[in-house]
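As structure tokens, the structure follows; a few thoughts come after it.
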Amino acid sequence: MPAMHRNPLKPAVVITTIQSPTPSIRKWLRTINGRVIVVADCKTPPDWMLEGCDFLSVRMQQRMSFHLQRFLPWNHYCRKMIGYLVAMEQQTDIIIDTDDDNEPLHPYALLPQEGMYWKTAEKSGFANVYRWFSDLWIWPRGFPLRHLVSSVFRYRWDVRKNNCRIGLWQGLVDGDPDVDAVYRMIVRREFRFHRREPLVLAKGTICPINSQNTIFFRDAFALLYLPAFVSFRFTDILRGLVAQPVLWAADLLAGFTAPTAFQLRNPHNLIQDFRSEIPCFLHAEKVCRIAVETVRKQDGIADNLHRVYEALLKHRIVRDPELRLLDAWLEDYAKLAASV
């Protein structure tokens, strides 16, 4: 297995919360040799305080000069994007995107951006990467249901060791991993993945990526954009589906690692989750097809990201406000990237 080592670059962990300081946030503070940035929303307790955290209160956010601030809705998970911008402003090279109910496992370490990793065959379509790390019946949120039976019961891996350059790592999560409401309503159990070597997805092979335990390298920071005008359970899935073809055009790849976090999931209404996940079931394959057809090798990541969202707007997968927010995000991102 490739050596897991502490990256010499200091990462930033970004979390949004409407709760008092959680045990998970406290554990990130004890674990990470870097900044922990916590983004408040209107429902966050006004007296929220945890020594060592960079806490972005509502009042503090209102005073920020980011262009994004004019278009970003309140009472929304996507407030997290303010934290990404602050992390970039602090010139971090790695952003760990996670939630307030996910705690890092000990010892927590980051894989290098470049190295020899197991890599899938190219152009294999949707791959259920959870099956690389488990022999059991499980699939990630956002995985197209029509591919479910073949991916769960008859999956065969065609992999080789290759030198890979990674844009983002999706770390898996033990306990209550990121699965859809269909899975949760059918299978109710705590889950543990195998400690296998990482798996990198080649160009043309794709798997849903979430915001539960995800590591972005500086090259891919523009792709942290979280769409704010789609359903809550679709926002990070849409981000990940768009990100992968954009990465391919930049000669970067997405990889999945064995669990580096554990989730004690906050209470959820599974029927409400299911309703919110319907766009995942309906649009995942279409989003990937649009992104693949839209990206251009000669364009940079930010330009390709914008091009894909314009195409998604044409196909009515996103709405007009999304493009205004994306424009603001890319304006802020460009200023911060130029200052490095």
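Residues in the structure tokens are named by chain (A, B, ... in the order shown) and by number from 1 within that chain; ligands are numbered from 1 in the order shown.
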
All strand (DSSP E or B) positions in region 89-135 of chain A, as a PDB file with C-alpha atoms, in the first residue's frame:
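For reference, result32.pdb as written:
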```pdb
ATOM      1  CA  ILE A  94      -4.983  21.455   0.586  1.00  0.00           C
ATOM      2  CA  ILE A  95      -8.630  21.814   1.603  1.00  0.00           C
ATOM      3  CA  ILE A  96     -10.323  18.994   3.499  1.00  0.00           C
ATOM      4  CA  ASP A  97     -14.070  19.280   2.984  1.00  0.00           C
ATOM      5  CA  THR A  98     -16.080  17.577   5.732  1.00  0.00           C
ATOM      6  CA  ASN A 102     -17.548  13.238  10.709  1.00  0.00           C
ATOM      7  CA  GLU A 103     -14.473  12.747  12.848  1.00  0.00           C
ATOM      8  CA  PRO A 104     -10.978  11.837  11.607  1.00  0.00           C
ATOM      9  CA  LEU A 110      -3.003  12.457   3.603  1.00  0.00           C
ATOM     10  CA  GLU A 114       1.263  12.216  -7.224  1.00  0.00           C
ATOM     11  CA  GLY A 115       2.306   8.584  -6.944  1.00  0.00           C
ATOM     12  CA  MET A 116       1.954   4.989  -8.120  1.00  0.00           C
ATOM     13  CA  TYR A 117      -1.629   3.898  -7.501  1.00  0.00           C
ATOM     14  CA  TRP A 118      -4.042   1.248  -8.695  1.00  0.00           C
ATOM     15  CA  LYS A 119      -5.893   2.787 -11.638  1.00  0.00           C
ATOM     16  CA  THR A 120      -9.001   1.575 -13.446  1.00  0.00           C
ATOM     17  CA  GLY A 125     -18.520   4.480 -17.366  1.00  0.00           C
ATOM     18  CA  PHE A 126     -19.940   4.405 -13.852  1.00  0.00           C
TER      19      PHE A 126
END
```

For His194 (chain A), please output as a short mmCIF file (atom, residue, chain, number, x, y, z; two decimals) with N, CA and C atoms, in the first residue's frame all residues within 8 Å (counting only C-alpha atoms; exclusion window: fewer than 5 positions along the same chain).
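Result went into out-v1.cif, see below:
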```cif
data_model
loop_
_atom_site.label_atom_id
_atom_site.label_comp_id
_atom_site.auth_asym_id
_atom_site.auth_seq_id
_atom_site.Cartn_x
_atom_site.Cartn_y
_atom_site.Cartn_z
N PHE A 133 -13.70 -1.57 -1.96
CA PHE A 133 -13.38 -1.56 -0.54
C PHE A 133 -14.32 -2.46 0.28
N SER A 134 -15.20 -3.19 -0.37
CA SER A 134 -16.13 -4.04 0.38
C SER A 134 -16.66 -5.16 -0.51
N ALA A 258 -9.25 4.26 1.35
CA ALA A 258 -9.89 3.56 2.47
C ALA A 258 -10.30 4.59 3.52
#
```

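Neighbours of Gln69 (chain A) closer than or equal to 12 Å, with only C-alpha atoms counted and sequence neighbours fewer than 2 positions away skipped, come out as Val58, Met60, Gln61, Gln62, Arg63, Met64, Ser65, Phe66, His67, Phe71, Leu72, Pro73, Trp74, Cys78, Arg79, Lys80, Met81, Ile82, Gly83, Leu85, Arg324, Leu325, Leu326, Asp327, Ala328, Trp329, Glu331 and Asp332 of chain A.
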
Residue selection dump (C-alpha atoms) as a PDB file, in the first residue's frame:
```
ATOM      1  CA  VAL A  58     -22.747  35.560  10.475  1.00  0.00           C
ATOM      2  CA  MET A  60     -18.107  38.401  10.185  1.00  0.00           C
ATOM      3  CA  GLN A  61     -19.339  36.967   6.876  1.00  0.00           C
ATOM      4  CA  GLN A  62     -21.524  40.008   6.292  1.00  0.00           C
ATOM      5  CA  ARG A  63     -18.452  42.226   6.546  1.00  0.00           C
ATOM      6  CA  MET A  64     -16.424  40.189   4.022  1.00  0.00           C
ATOM      7  CA  SER A  65     -15.687  41.647   0.609  1.00  0.00           C
ATOM      8  CA  PHE A  66     -16.094  38.450  -1.412  1.00  0.00           C
ATOM      9  CA  HIS A  67     -18.273  38.962  -4.480  1.00  0.00           C
ATOM     10  CA  PHE A  71     -25.521  35.973  -4.211  1.00  0.00           C
ATOM     11  CA  LEU A  72     -24.993  33.159  -1.684  1.00  0.00           C
ATOM     12  CA  PRO A  73     -28.219  32.242   0.167  1.00  0.00           C
ATOM     13  CA  TRP A  74     -28.432  32.023   3.951  1.00  0.00           C
ATOM     14  CA  CYS A  78     -23.427  26.114   0.527  1.00  0.00           C
ATOM     15  CA  ARG A  79     -22.400  28.811   3.027  1.00  0.00           C
ATOM     16  CA  LYS A  80     -19.426  26.472   3.292  1.00  0.00           C
ATOM     17  CA  MET A  81     -18.005  28.142   0.167  1.00  0.00           C
ATOM     18  CA  ILE A  82     -17.124  31.196   2.256  1.00  0.00           C
ATOM     19  CA  GLY A  83     -14.861  28.877   4.245  1.00  0.00           C
ATOM     20  CA  LEU A  85     -12.407  31.207   0.037  1.00  0.00           C
ATOM     21  CA  ARG A 324     -24.790  34.267 -11.287  1.00  0.00           C
ATOM     22  CA  LEU A 325     -23.459  32.558  -8.179  1.00  0.00           C
ATOM     23  CA  LEU A 326     -20.880  30.626 -10.184  1.00  0.00           C
ATOM     24  CA  ASP A 327     -19.675  33.838 -11.848  1.00  0.00           C
ATOM     25  CA  ALA A 328     -19.199  35.400  -8.398  1.00  0.00           C
ATOM     26  CA  TRP A 329     -17.339  32.318  -7.144  1.00  0.00           C
ATOM     27  CA  GLU A 331     -14.335  36.026  -9.770  1.00  0.00           C
ATOM     28  CA  ASP A 332     -13.312  35.549  -6.131  1.00  0.00           C
TER      29      ASP A 332
END
```

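Closest approach to Leu172 (chain A) among A:Arg35, A:Lys10, A:Arg192, A:His268: A:Arg192, based on only C-alpha atoms.
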
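Using only C-alpha atoms, the contacts of Thr16 (chain A) at a cut-off of 8 Å, with sequence neighbours closer than 3 positions omitted, comprise Val38, Val39, Ala40, Asp41, Tyr77, Arg79, Lys80, Asp99 and Asp100 of chain A.
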
| Selection near Phe229 (chain A), 8 Å with only C-alpha atoms, sequence-local residues under 4 positions removed, as an MDAnalysis selection string | chainID A and resid 318:319 321:322

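Between CA of Pro144 (chain A) and CA of Cys207 (chain A) lies a distance of 9.6 Å.
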
What's around Glu89 (chain A) at 9 Å? Count only C-alpha atoms, leave out sequence neighbours fewer than 6 positions away in its own chain, and write the answer as a PDB file with N, CA, C and O atoms, in the first residue's frame.
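Result file result22.pdb:
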```
ATOM      1  N   LEU A 336      -7.985  35.357  -5.757  1.00  0.00           N
ATOM      2  CA  LEU A 336      -7.178  34.674  -4.764  1.00  0.00           C
ATOM      3  C   LEU A 336      -6.066  33.856  -5.407  1.00  0.00           C
ATOM      4  O   LEU A 336      -4.943  33.803  -4.902  1.00  0.00           O
ATOM      5  N   ALA A 337      -6.381  33.214  -6.541  1.00  0.00           N
ATOM      6  CA  ALA A 337      -5.365  32.416  -7.244  1.00  0.00           C
ATOM      7  C   ALA A 337      -4.239  33.322  -7.752  1.00  0.00           C
ATOM      8  O   ALA A 337      -3.068  32.941  -7.733  1.00  0.00           O
ATOM      9  N   SER A 339      -3.160  35.954  -6.373  1.00  0.00           N
ATOM     10  CA  SER A 339      -2.387  36.541  -5.263  1.00  0.00           C
ATOM     11  C   SER A 339      -1.376  35.557  -4.672  1.00  0.00           C
ATOM     12  O   SER A 339      -0.572  35.941  -3.826  1.00  0.00           O
ATOM     13  N   VAL A 340      -1.434  34.309  -5.078  1.00  0.00           N
ATOM     14  CA  VAL A 340      -0.536  33.298  -4.519  1.00  0.00           C
ATOM     15  C   VAL A 340       0.882  33.477  -5.076  1.00  0.00           C
ATOM     16  O   VAL A 340       1.060  33.622  -6.278  1.00  0.00           O
TER      17      VAL A 340
END
```

| Selection: 9 Å around Cys288 (chain A), only C-alpha atoms, excl. self and same-chain fewer than 6 positions, as a PyMOL selection string | chain A and resi 206+241-242+244-245

Those residues you just picked out, can you put them in a file as a PDB file, in the first residue's frame with N, CA and C atoms?
```
ATOM      1  N   ILE A 206     -16.110   6.896 -13.833  1.00  0.00           N
ATOM      2  CA  ILE A 206     -16.625   7.916 -12.908  1.00  0.00           C
ATOM      3  C   ILE A 206     -17.398   7.266 -11.765  1.00  0.00           C
ATOM      4  N   LEU A 241     -19.835  15.125  -9.968  1.00  0.00           N
ATOM      5  CA  LEU A 241     -20.035  14.610 -11.326  1.00  0.00           C
ATOM      6  C   LEU A 241     -19.474  15.568 -12.367  1.00  0.00           C
ATOM      7  N   VAL A 242     -19.627  16.861 -12.122  1.00  0.00           N
ATOM      8  CA  VAL A 242     -19.071  17.873 -13.031  1.00  0.00           C
ATOM      9  C   VAL A 242     -17.552  17.894 -12.927  1.00  0.00           C
ATOM     10  N   GLN A 244     -15.248  15.672 -12.331  1.00  0.00           N
ATOM     11  CA  GLN A 244     -14.367  14.629 -12.866  1.00  0.00           C
ATOM     12  C   GLN A 244     -14.016  14.827 -14.344  1.00  0.00           C
ATOM     13  N   PRO A 245     -14.965  15.076 -15.249  1.00  0.00           N
ATOM     14  CA  PRO A 245     -14.566  15.362 -16.633  1.00  0.00           C
ATOM     15  C   PRO A 245     -13.713  16.621 -16.770  1.00  0.00           C
TER      16      PRO A 245
END
```

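Closest approach to Gly204 (chain A) from the set A:Leu224, A:Val292, A:Val129, A:Leu168 is made by A:Val292, with distances taken over only C-alpha atoms.
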